[in-house]
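Asker: Got work.txt for you, compact mmCIF, N, CA and C atoms:
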# COMPACT_ATOMS: atom_id res chain seq x y z
N MET H 554 90.65 82.10 121.48
CA MET H 554 90.67 81.99 120.05
C MET H 554 91.00 83.34 119.41
N LEU H 555 90.46 84.40 119.96
CA LEU H 555 90.69 85.72 119.39
C LEU H 555 92.17 86.05 119.34
N LYS H 556 92.87 85.77 120.41
CA LYS H 556 94.30 86.06 120.47
C LYS H 556 95.06 85.23 119.43
N ILE H 557 94.68 83.98 119.27
CA ILE H 557 95.32 83.12 118.27
C ILE H 557 95.11 83.68 116.87
N LEU H 558 93.87 84.04 116.57
CA LEU H 558 93.57 84.59 115.25
C LEU H 558 94.28 85.92 115.03
N ARG H 559 94.30 86.75 116.04
CA ARG H 559 94.96 88.06 115.91
C ARG H 559 96.45 87.90 115.64
N ARG H 560 97.09 87.05 116.41
CA ARG H 560 98.53 86.84 116.22
C ARG H 560 98.84 86.20 114.87
N ALA H 561 98.02 85.24 114.48
CA ALA H 561 98.25 84.56 113.20
C ALA H 561 98.12 85.51 112.02
N ASN H 562 97.36 86.56 112.21
CA ASN H 562 97.17 87.55 111.14
C ASN H 562 98.03 88.79 111.34
N ASN H 563 99.01 88.70 112.23
CA ASN H 563 99.93 89.81 112.49
C ASN H 563 99.20 91.11 112.80
N MET H 564 98.18 91.02 113.63
CA MET H 564 97.41 92.20 113.99
C MET H 564 97.64 92.53 115.46
N THR H 565 97.69 93.81 115.73
CA THR H 565 97.72 94.26 117.12
C THR H 565 96.29 94.52 117.56
N GLN H 566 96.12 94.69 118.85
CA GLN H 566 94.79 95.04 119.35
C GLN H 566 94.36 96.39 118.79
N LYS H 567 95.31 97.28 118.57
CA LYS H 567 95.01 98.60 118.01
C LYS H 567 94.48 98.47 116.58
N ILE H 568 95.06 97.59 115.78
CA ILE H 568 94.58 97.37 114.41
C ILE H 568 93.15 96.86 114.44
N ILE H 569 92.87 95.91 115.35
CA ILE H 569 91.50 95.39 115.47
C ILE H 569 90.56 96.53 115.85
N GLU H 570 90.99 97.37 116.77
CA GLU H 570 90.18 98.50 117.20
C GLU H 570 89.86 99.41 116.00
N ILE H 571 90.85 99.70 115.19
CA ILE H 571 90.65 100.58 114.04
C ILE H 571 89.69 99.95 113.03
N ARG H 572 89.86 98.65 112.79
CA ARG H 572 89.03 97.97 111.78
C ARG H 572 87.61 97.70 112.23
N THR H 573 87.42 97.57 113.55
CA THR H 573 86.10 97.16 114.04
C THR H 573 85.37 98.22 114.84
N GLY H 574 86.11 99.15 115.40
CA GLY H 574 85.50 100.13 116.30
C GLY H 574 85.36 99.60 117.72
N ILE H 575 85.84 98.38 117.97
CA ILE H 575 85.81 97.81 119.32
C ILE H 575 87.06 98.30 120.05
N ASP H 576 86.86 98.93 121.19
CA ASP H 576 87.96 99.51 121.95
C ASP H 576 89.04 98.47 122.26
N ARG H 577 90.29 98.91 122.21
CA ARG H 577 91.42 98.02 122.45
C ARG H 577 91.36 97.37 123.84
N SER H 578 90.91 98.10 124.84
CA SER H 578 90.81 97.52 126.18
C SER H 578 89.74 96.43 126.22
N THR H 579 88.70 96.59 125.42
CA THR H 579 87.65 95.57 125.33
C THR H 579 88.20 94.31 124.67
N ILE H 580 88.97 94.49 123.61
CA ILE H 580 89.59 93.35 122.93
C ILE H 580 90.51 92.61 123.90
N SER H 581 91.27 93.35 124.68
CA SER H 581 92.15 92.75 125.68
C SER H 581 91.33 91.94 126.69
N ALA H 582 90.23 92.50 127.12
CA ALA H 582 89.36 91.79 128.09
C ALA H 582 88.80 90.51 127.48
N TYR H 583 88.43 90.55 126.20
CA TYR H 583 87.95 89.34 125.52
C TYR H 583 89.05 88.28 125.52
N GLU H 584 90.26 88.71 125.17
CA GLU H 584 91.39 87.77 125.08
C GLU H 584 91.74 87.18 126.43
N ASN H 585 91.60 87.96 127.48
CA ASN H 585 91.95 87.49 128.82
C ASN H 585 90.81 86.77 129.52
N GLY H 586 89.63 86.76 128.90
CA GLY H 586 88.49 86.06 129.46
C GLY H 586 87.80 86.80 130.59
N THR H 587 88.06 88.08 130.72
CA THR H 587 87.41 88.85 131.79
C THR H 587 86.12 89.51 131.31
N ARG H 588 85.86 89.40 130.03
CA ARG H 588 84.63 89.96 129.46
C ARG H 588 84.21 89.12 128.26
N GLU H 589 82.89 88.96 128.10
CA GLU H 589 82.35 88.20 126.97
C GLU H 589 81.87 89.16 125.89
N PRO H 590 82.19 88.88 124.64
CA PRO H 590 81.74 89.77 123.56
C PRO H 590 80.24 89.62 123.29
N SER H 591 79.64 90.71 122.86
CA SER H 591 78.24 90.67 122.43
C SER H 591 78.15 89.89 121.12
N LEU H 592 76.95 89.50 120.76
CA LEU H 592 76.75 88.79 119.49
C LEU H 592 77.20 89.67 118.33
N HIS H 593 76.88 90.94 118.39
CA HIS H 593 77.30 91.86 117.32
C HIS H 593 78.82 91.88 117.18
N ASN H 594 79.52 92.00 118.30
CA ASN H 594 80.98 92.03 118.25
C ASN H 594 81.57 90.70 117.79
N LEU H 595 80.94 89.59 118.19
CA LEU H 595 81.39 88.29 117.69
C LEU H 595 81.27 88.21 116.17
N MET H 596 80.16 88.72 115.63
CA MET H 596 79.96 88.70 114.18
C MET H 596 81.00 89.57 113.48
N VAL H 597 81.26 90.73 114.03
CA VAL H 597 82.26 91.64 113.44
C VAL H 597 83.64 90.98 113.45
N LEU H 598 84.01 90.39 114.57
CA LEU H 598 85.31 89.74 114.68
C LEU H 598 85.41 88.51 113.77
N ALA H 599 84.35 87.73 113.70
CA ALA H 599 84.35 86.56 112.82
C ALA H 599 84.54 87.00 111.36
N ASP H 600 83.90 88.09 110.98
CA ASP H 600 84.05 88.60 109.62
C ASP H 600 85.49 89.06 109.35
N ILE H 601 86.08 89.74 110.30
CA ILE H 601 87.46 90.23 110.13
C ILE H 601 88.43 89.07 109.88
N PHE H 602 88.24 87.98 110.63
CA PHE H 602 89.16 86.84 110.54
C PHE H 602 88.67 85.74 109.59
N ARG H 603 87.49 85.94 109.00
CA ARG H 603 86.94 84.98 108.04
C ARG H 603 86.79 83.58 108.66
N VAL H 604 86.18 83.56 109.86
CA VAL H 604 85.90 82.30 110.54
C VAL H 604 84.43 82.27 110.93
N SER H 605 83.94 81.11 111.31
CA SER H 605 82.55 80.98 111.73
C SER H 605 82.37 81.54 113.14
N LEU H 606 81.12 81.83 113.48
CA LEU H 606 80.81 82.26 114.84
C LEU H 606 81.14 81.16 115.84
N ASP H 607 80.87 79.91 115.48
CA ASP H 607 81.19 78.80 116.37
C ASP H 607 82.69 78.75 116.67
N THR H 608 83.50 79.01 115.65
CA THR H 608 84.94 78.98 115.85
C THR H 608 85.39 80.10 116.78
N ILE H 609 84.98 81.32 116.49
CA ILE H 609 85.46 82.45 117.30
C ILE H 609 84.90 82.41 118.72
N ALA H 610 83.73 81.80 118.90
CA ALA H 610 83.13 81.69 120.23
C ALA H 610 83.55 80.41 120.95
N CYS H 611 84.41 79.62 120.32
CA CYS H 611 84.89 78.36 120.90
C CYS H 611 83.74 77.44 121.27
N ARG H 612 82.73 77.38 120.41
CA ARG H 612 81.56 76.53 120.66
C ARG H 612 81.71 75.16 120.01
N THR H 613 82.85 74.90 119.45
CA THR H 613 83.07 73.61 118.83
C THR H 613 84.52 73.20 119.04
N ASN H 614 84.74 71.92 119.16
CA ASN H 614 86.11 71.43 119.25
C ASN H 614 86.78 71.45 117.88
N GLU H 615 85.96 71.44 116.85
CA GLU H 615 86.49 71.51 115.50
C GLU H 615 86.57 72.97 115.10
N GLN H 616 87.76 73.42 114.89
CA GLN H 616 87.94 74.82 114.56
C GLN H 616 88.40 74.94 113.11
N TYR H 617 87.57 75.58 112.32
CA TYR H 617 87.87 75.77 110.91
C TYR H 617 88.19 77.23 110.67
N ILE H 618 89.23 77.44 109.95
CA ILE H 618 89.60 78.79 109.57
C ILE H 618 89.62 78.83 108.05
N ASN H 619 88.88 79.77 107.50
CA ASN H 619 88.86 79.94 106.05
C ASN H 619 90.20 80.55 105.65
N VAL H 620 90.98 79.78 104.92
CA VAL H 620 92.32 80.23 104.54
C VAL H 620 92.39 80.70 103.10
N THR H 621 91.23 80.92 102.51
CA THR H 621 91.20 81.48 101.17
C THR H 621 91.87 82.85 101.21
N ASN H 622 92.77 83.07 100.31
CA ASN H 622 93.49 84.35 100.19
C ASN H 622 94.37 84.67 101.39
N VAL H 623 94.76 83.65 102.15
CA VAL H 623 95.68 83.85 103.26
C VAL H 623 97.08 83.52 102.76
N SER H 624 98.03 84.36 103.09
CA SER H 624 99.40 84.17 102.60
C SER H 624 100.02 82.92 103.22
N GLU H 625 101.06 82.44 102.56
CA GLU H 625 101.78 81.27 103.07
C GLU H 625 102.39 81.57 104.43
N VAL H 626 102.88 82.79 104.61
CA VAL H 626 103.47 83.18 105.89
C VAL H 626 102.42 83.10 107.00
N ALA H 627 101.22 83.61 106.74
CA ALA H 627 100.15 83.55 107.74
C ALA H 627 99.75 82.11 108.02
N LEU H 628 99.69 81.28 106.98
CA LEU H 628 99.36 79.87 107.18
C LEU H 628 100.38 79.18 108.06
N GLU H 629 101.64 79.48 107.86
CA GLU H 629 102.70 78.89 108.69
C GLU H 629 102.55 79.33 110.14
N LYS H 630 102.20 80.59 110.36
CA LYS H 630 102.02 81.09 111.72
C LYS H 630 100.81 80.44 112.38
N ILE H 631 99.72 80.29 111.63
CA ILE H 631 98.53 79.62 112.17
C ILE H 631 98.89 78.20 112.60
N HIS H 632 99.61 77.51 111.74
CA HIS H 632 100.01 76.13 112.03
C HIS H 632 100.88 76.08 113.29
N ALA H 633 101.85 76.98 113.39
CA ALA H 633 102.75 77.00 114.56
C ALA H 633 101.97 77.26 115.84
N ILE H 634 101.03 78.19 115.79
CA ILE H 634 100.23 78.51 116.98
C ILE H 634 99.38 77.32 117.39
N ILE H 635 98.75 76.67 116.42
CA ILE H 635 97.91 75.51 116.70
C ILE H 635 98.76 74.38 117.30
N MET H 636 99.93 74.14 116.73
CA MET H 636 100.78 73.07 117.24
C MET H 636 101.27 73.39 118.65
N ASP H 637 101.61 74.65 118.90
CA ASP H 637 102.05 75.06 120.23
C ASP H 637 100.93 74.83 121.26
N ASP H 638 99.72 75.21 120.89
CA ASP H 638 98.57 75.03 121.78
C ASP H 638 98.31 73.55 122.02
N THR H 639 98.43 72.74 120.98
CA THR H 639 98.22 71.29 121.10
C THR H 639 99.23 70.68 122.06
N LEU H 640 100.48 71.08 121.94
CA LEU H 640 101.52 70.55 122.84
C LEU H 640 101.25 70.95 124.28
N LYS H 641 100.80 72.18 124.49
CA LYS H 641 100.50 72.64 125.85
C LYS H 641 99.36 71.81 126.44
N ARG H 642 98.33 71.52 125.63
CA ARG H 642 97.20 70.73 126.12
C ARG H 642 97.64 69.31 126.47
N GLU H 643 98.50 68.72 125.62
CA GLU H 643 98.97 67.36 125.86
C GLU H 643 99.75 67.29 127.17
N LYS H 644 100.57 68.30 127.45
CA LYS H 644 101.34 68.33 128.68
C LYS H 644 100.43 68.42 129.89
N CYS H 645 99.36 69.19 129.76
CA CYS H 645 98.41 69.36 130.88
C CYS H 645 97.62 68.08 131.14
N GLU H 646 97.37 67.30 130.11
CA GLU H 646 96.56 66.10 130.25
C GLU H 646 97.35 64.94 130.84
N LYS H 647 98.67 65.02 130.81
CA LYS H 647 99.50 63.91 131.31
C LYS H 647 99.64 63.96 132.80
Output the structure of this file as structure tokens.

Answerer:
Amino acid sequence: MLKILRRANNMTQKIIEIRTGIDRSTISAYENGTREPSLHNLMVLADIFRVSLDTIACRTNEQYINVTNVSEVALEKIHAIIMDDTLKREKCEK
């Protein structure tokens, strides 16, 4: 989820590092699933992306993203990423 949110918001791992203080290598490990974020880091990341803790921690199948004040360009990217992920899942299930 972190990678999806980061890409949808046109952020690099370096930008996340600057905004949060979480090292870029740690963010990479979170995205690759080789490390689990602490509760504190989950809260910081959820705040940056304006999503719930459940969403960023993938604790729900229903993923809500607060799109208040999100540009149309970002919304289009979010939609494209979600659709791409949905198509990949459908192919795997067949």

Asker: Do you have the atom CA of H:Thr587-atom CA of H:Leu555 distance handy?

Answerer: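 Atom CA of H:Leu555 lies at a distance of 13.2 Å from atom CA of H:Thr587.
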
Asker: Which residues come within 8 Å of H:Asn562, counting only N, CA and C atoms, excluding same-chain residues fewer than 2 positions away, as an MDAnalysis selection string?

Answerer: chainID H and resid 556:560 564:565 627:628 630:631

Asker: Give me, please, the distance in Å between atom N of H:Thr573 and atom C of H:Asn622, quoted to one decimal.

Answerer: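 Atom C of H:Asn622 lies at a distance of 19.0 Å from atom N of H:Thr573.
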
Asker: To one decimal in Å, tell me the separation between atom CA of H:Gly586 and atom C of H:Gly574.

Answerer: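 Calculated distance between atom CA of H:Gly586 and atom C of H:Gly574 is 18.2 Å.
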
Asker: Looking at all atoms listed in the file, which of H:Ala582, H:Ile571, H:Met554, H:Ala561 is the one that sits closest to H:Thr608?

Answerer: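 For H:Thr608, the nearest of the given residues is H:Met554.
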
Asker: Take the point (78.7, 84.4, 113.7) in the file's coordinates, draw a sphere of radius 5 Å around it, and report as a ChimeraX atom specification every protein, DNA or RNA residue with an atom inside or on it, counting all atoms listed in the file.

Answerer: /H:596,605-606
